[in-house]
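The structure appears right after this line, and notes come after that.
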Amino acid sequence: MANILTGETAISLPALFAALPVAVVLIGRDGRILAANPATAVLEKGPPEAMLGQQVALIHPDATRSMARDLWLAEAGLEVPDNEVTFGDRQYQVSVRAVRNDTGEVAAFVVAFTDISRLKRVERRLSETNRRLKARVWEDHLTGIPSRRYLDAALAREVRRARRGGQALSIVMADIDRFKFYNDRYGHLAGDDCLRMVARAATSALGRGGDELCRYGGEEFIAILPGTGADGAVMVAERMRQAVADQAAPHDGLPWGHVTISLGVASLPPADHGSHRDRDTLIAAADAALYAAKAAGRDRVARARDG
């Protein structure tokens, strides 16, 4: 085999092949392993010389199918894309390059296996960190339900979707009755527990997977109900009210003696081409209905006049 350089610095290609820091295999177009450098021992297939003359399936169960694909790509003049495989607990990037004879025919493939396990671990840690950061942004830290920031984005999205598809959309705004008195009477730690209790109870009352309860701010919550008209939203709101009342959490500041919520319902009807009600207007309508529920005595549901 030819040497690289000359004289005292002459290096044979076999020596260079053996010194490569990554596992490299030479595979004939018939799928037989023609050469393997010492680094291939990390693939847990035994010494390199034991691989010679064996079929490529010895390296990996999917290798035969991959070889057929790679040969088709190479003969079509296309680049063979890198891919990834796992050996034991290690992950490798596989790079395949065609070796052509003097007539330009694909005679063999050089396959290099680069250990990317450490890189993958770093990627997984970064992915998990990003997931946690995203959760902190979109999740209310006290109640565990979606935050106001999430609510603003989600409701704007649902309004656009409802208009585009001509579907109904409703929201329910809920407020804990006389919550300031509750905080003053029982303390802020108890107030935090109350907020969590209301969030859990109200969420349990939602009817479908697409419905979401978000914290709007303070002691106020908003439920987004895609595809739900005004009548259906009133029914959901009543379930939310009852679910909180059923907890029977003591509240001396209310005549009935336990924690309750008041709720306001507003809806964007199907094919609402006239009002062009946007997110903020929808919230304002629900807020007005909530005010009416409180004015009427609390622990009840009120519906916006135009929806």
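Following the order of the structure tokens, chains are lettered A, B, ..., residues in each are numbered from 1, and ligands are numbered from 1.
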
| field | Residue contacts of segment 21-33 of chain A (9 Å, only C-alpha atoms) excluding same-chain residues fewer than 2 positions away, as a PyMOL selection string | value | chain A and resi 17-19+35-43+51-57+63-64+67-68+71+106-115

Report the closest atom pair, with its distance in Å rounded to one decimal, for each residue of segment 166-274 of chain A that has an atom no farther than 6 Å from segment 295-300 of chain A; count only C-alpha atoms, sort by chain and then rising residue number, and write it as JSON lines.
```
{"residue": "A:Thr260", "atom": "CA", "partner": "A:Asp299", "partner_atom": "CA", "distance": 5.6}
{"residue": "A:Ile261", "atom": "CA", "partner": "A:Asp299", "partner_atom": "CA", "distance": 5.2}
{"residue": "A:Ser262", "atom": "CA", "partner": "A:Asp299", "partner_atom": "CA", "distance": 4.7}
```

| query | Got a sec to tell me which of segment 13-187 of chain A DSSP assigns to strand (DSSP E), as a ChimeraX atom specification? | reply | /A:23-28,33-36,83-87,90-100,106-115,169-176

| message | Quick check for you: according to DSSP on this backbone, which residues of segment 190-257 of chain A are classed as helix (DSSP H, G or I)? Reply as JSON, numbers by chain. | response | {"A": [190, 191, 192, 193, 194, 195, 196, 197, 198, 199, 200, 201, 202, 203, 204, 230, 231, 232, 233, 234, 235, 236, 237, 238, 239, 240, 241, 242, 243, 244, 245]}

| query | Leaving out Leu119 of chain A and any residue of its chain fewer than 5 positions from it, which residues lie within 10 Å of it when counting only C-alpha atoms, given as a PyMOL selection string? | reply | chain A and resi 91+124-125

Mind writing the picked residues with C-alpha atoms as a PDB file, in the first residue's frame?
```
ATOM      1  CA  GLN A  91     -24.451   6.592  20.996  1.00  0.00           C
ATOM      2  CA  ARG A 124     -30.600  16.134  27.078  1.00  0.00           C
ATOM      3  CA  ARG A 125     -29.591  18.319  30.010  1.00  0.00           C
TER       4      ARG A 125
END
```

| task | Just the residues within 6 Å of Ala205 of chain A, please, counting only C-alpha atoms, with nothing from its chain fewer than 2 positions along; format it as an MDAnalysis selection string. | result | chainID A and resid 202:203 239:240

Restricted to N, CA, C and O atoms, what would the selected residues look like written as a short mmCIF file (atom, residue, chain, number, x, y, z; two decimals), in the first residue's frame?
```
data_model
loop_
_atom_site.label_atom_id
_atom_site.label_comp_id
_atom_site.auth_asym_id
_atom_site.auth_seq_id
_atom_site.Cartn_x
_atom_site.Cartn_y
_atom_site.Cartn_z
N ALA A 202 -61.83 23.71 40.66
CA ALA A 202 -62.38 24.28 39.42
C ALA A 202 -61.87 23.52 38.20
O ALA A 202 -62.61 23.28 37.24
N THR A 203 -60.60 23.12 38.22
CA THR A 203 -60.04 22.36 37.10
C THR A 203 -60.75 21.02 36.96
O THR A 203 -61.03 20.57 35.84
N ARG A 239 -70.76 23.93 37.30
CA ARG A 239 -70.01 22.81 37.85
C ARG A 239 -68.80 23.30 38.64
O ARG A 239 -68.46 22.75 39.69
N MET A 240 -68.14 24.32 38.12
CA MET A 240 -66.99 24.90 38.82
C MET A 240 -67.41 25.47 40.17
O MET A 240 -66.77 25.26 41.20
#
```

| From A:Ala190, A:Leu155, A:Ala15, A:Leu195, residue lying nearest Asp140 of chain A [only C-alpha atoms] |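 Looking at the shortest contact to Asp140 of chain A, the residue is A:Leu195.
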
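Shortest separation to Thr143 of chain A among A:Asp192, A:Asp70, A:Glu84, A:Glu220 occurs at residue A:Asp192, atoms counted being only C-alpha atoms.
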
| said: Could you list, as an MDAnalysis selection string, every residue within 9 Å of segment 156-162 of chain A, counting only C-alpha atoms and ignoring same-chain residues fewer than 5 positions away? | reply: chainID A and resid 151 167:169 224 226:227 268:272 277:280

Now that the selection is made, can you save its residues with N, CA and C atoms as a short mmCIF file (atom, residue, chain, number, x, y, z; two decimals), in the first residue's frame?
```
data_model
loop_
_atom_site.label_atom_id
_atom_site.label_comp_id
_atom_site.auth_asym_id
_atom_site.auth_seq_id
_atom_site.Cartn_x
_atom_site.Cartn_y
_atom_site.Cartn_z
N LEU A 151 -52.19 32.45 29.60
CA LEU A 151 -53.58 32.79 29.32
C LEU A 151 -53.68 33.78 28.17
N GLN A 167 -66.23 28.73 14.76
CA GLN A 167 -66.63 27.95 15.92
C GLN A 167 -66.89 28.85 17.13
N ALA A 168 -67.65 28.29 18.06
CA ALA A 168 -67.93 29.04 19.29
C ALA A 168 -66.71 29.01 20.20
N LEU A 169 -66.64 30.00 21.07
CA LEU A 169 -65.59 30.08 22.09
C LEU A 169 -66.17 30.80 23.30
N ILE A 224 -60.77 28.75 29.76
CA ILE A 224 -60.94 28.88 28.31
C ILE A 224 -61.65 27.63 27.82
N PRO A 226 -62.81 26.22 24.38
CA PRO A 226 -62.94 26.23 22.91
C PRO A 226 -64.11 25.36 22.46
N GLY A 227 -64.81 25.82 21.44
CA GLY A 227 -65.90 25.05 20.87
C GLY A 227 -67.13 24.96 21.75
N LEU A 268 -67.99 34.00 22.45
CA LEU A 268 -67.82 34.44 21.07
C LEU A 268 -68.60 33.45 20.23
N PRO A 269 -69.77 33.80 19.75
CA PRO A 269 -70.61 32.82 19.06
C PRO A 269 -70.01 32.38 17.73
N PRO A 270 -70.47 31.24 17.21
CA PRO A 270 -69.96 30.77 15.91
C PRO A 270 -70.21 31.79 14.81
N ALA A 271 -69.26 31.86 13.86
CA ALA A 271 -69.39 32.76 12.70
C ALA A 271 -69.75 34.16 13.14
N ASP A 272 -69.03 34.66 14.15
CA ASP A 272 -69.30 36.00 14.69
C ASP A 272 -68.62 37.04 13.81
N ARG A 277 -65.25 40.53 18.21
CA ARG A 277 -64.81 40.62 19.60
C ARG A 277 -63.42 39.99 19.73
N ASP A 278 -62.50 40.74 20.31
CA ASP A 278 -61.16 40.21 20.48
C ASP A 278 -60.97 39.72 21.91
N ARG A 279 -59.73 39.33 22.21
CA ARG A 279 -59.44 38.75 23.51
C ARG A 279 -59.79 39.70 24.65
N ASP A 280 -59.33 40.94 24.57
CA ASP A 280 -59.54 41.87 25.67
C ASP A 280 -61.03 42.19 25.86
#
```

| request: Would you mind reading off the distance between atom CA of Val234 of chain A and atom CA of Thr281 of chain A, one decimal, in Å? | output: 18.6 Å

| message | Report, in Å with one decimal, the straight-line distance from atom CA of Val265 of chain A to atom CA of Asp231 of chain A. | response | 9.4 Å

| request: Extract, using only C-alpha atoms, all DNA, RNA and protein residues at most 12 Å from Val198 of chain A, discarding same-chain residues fewer than 6 positions from it, and format them as a ChimeraX atom specification. | output: /A:142-145,174-177,179,191-192,204-205,213-215,219-222,240-249,259-262

| message | My list of candidates is A:Leu189, A:Val301, A:Pro48, A:His60. Which is closest to Tyr92 of chain A when distances are computed with only C-alpha atoms? | response |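 Of all the options, A:His60 lies closest to Tyr92 of chain A.
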
| query | atom CA of Arg303 of chain A to atom CA of Arg178 of chain A: how many Å, to one decimal? | reply |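 Between atom CA of Arg303 of chain A and atom CA of Arg178 of chain A the gap works out to 20.5 Å.
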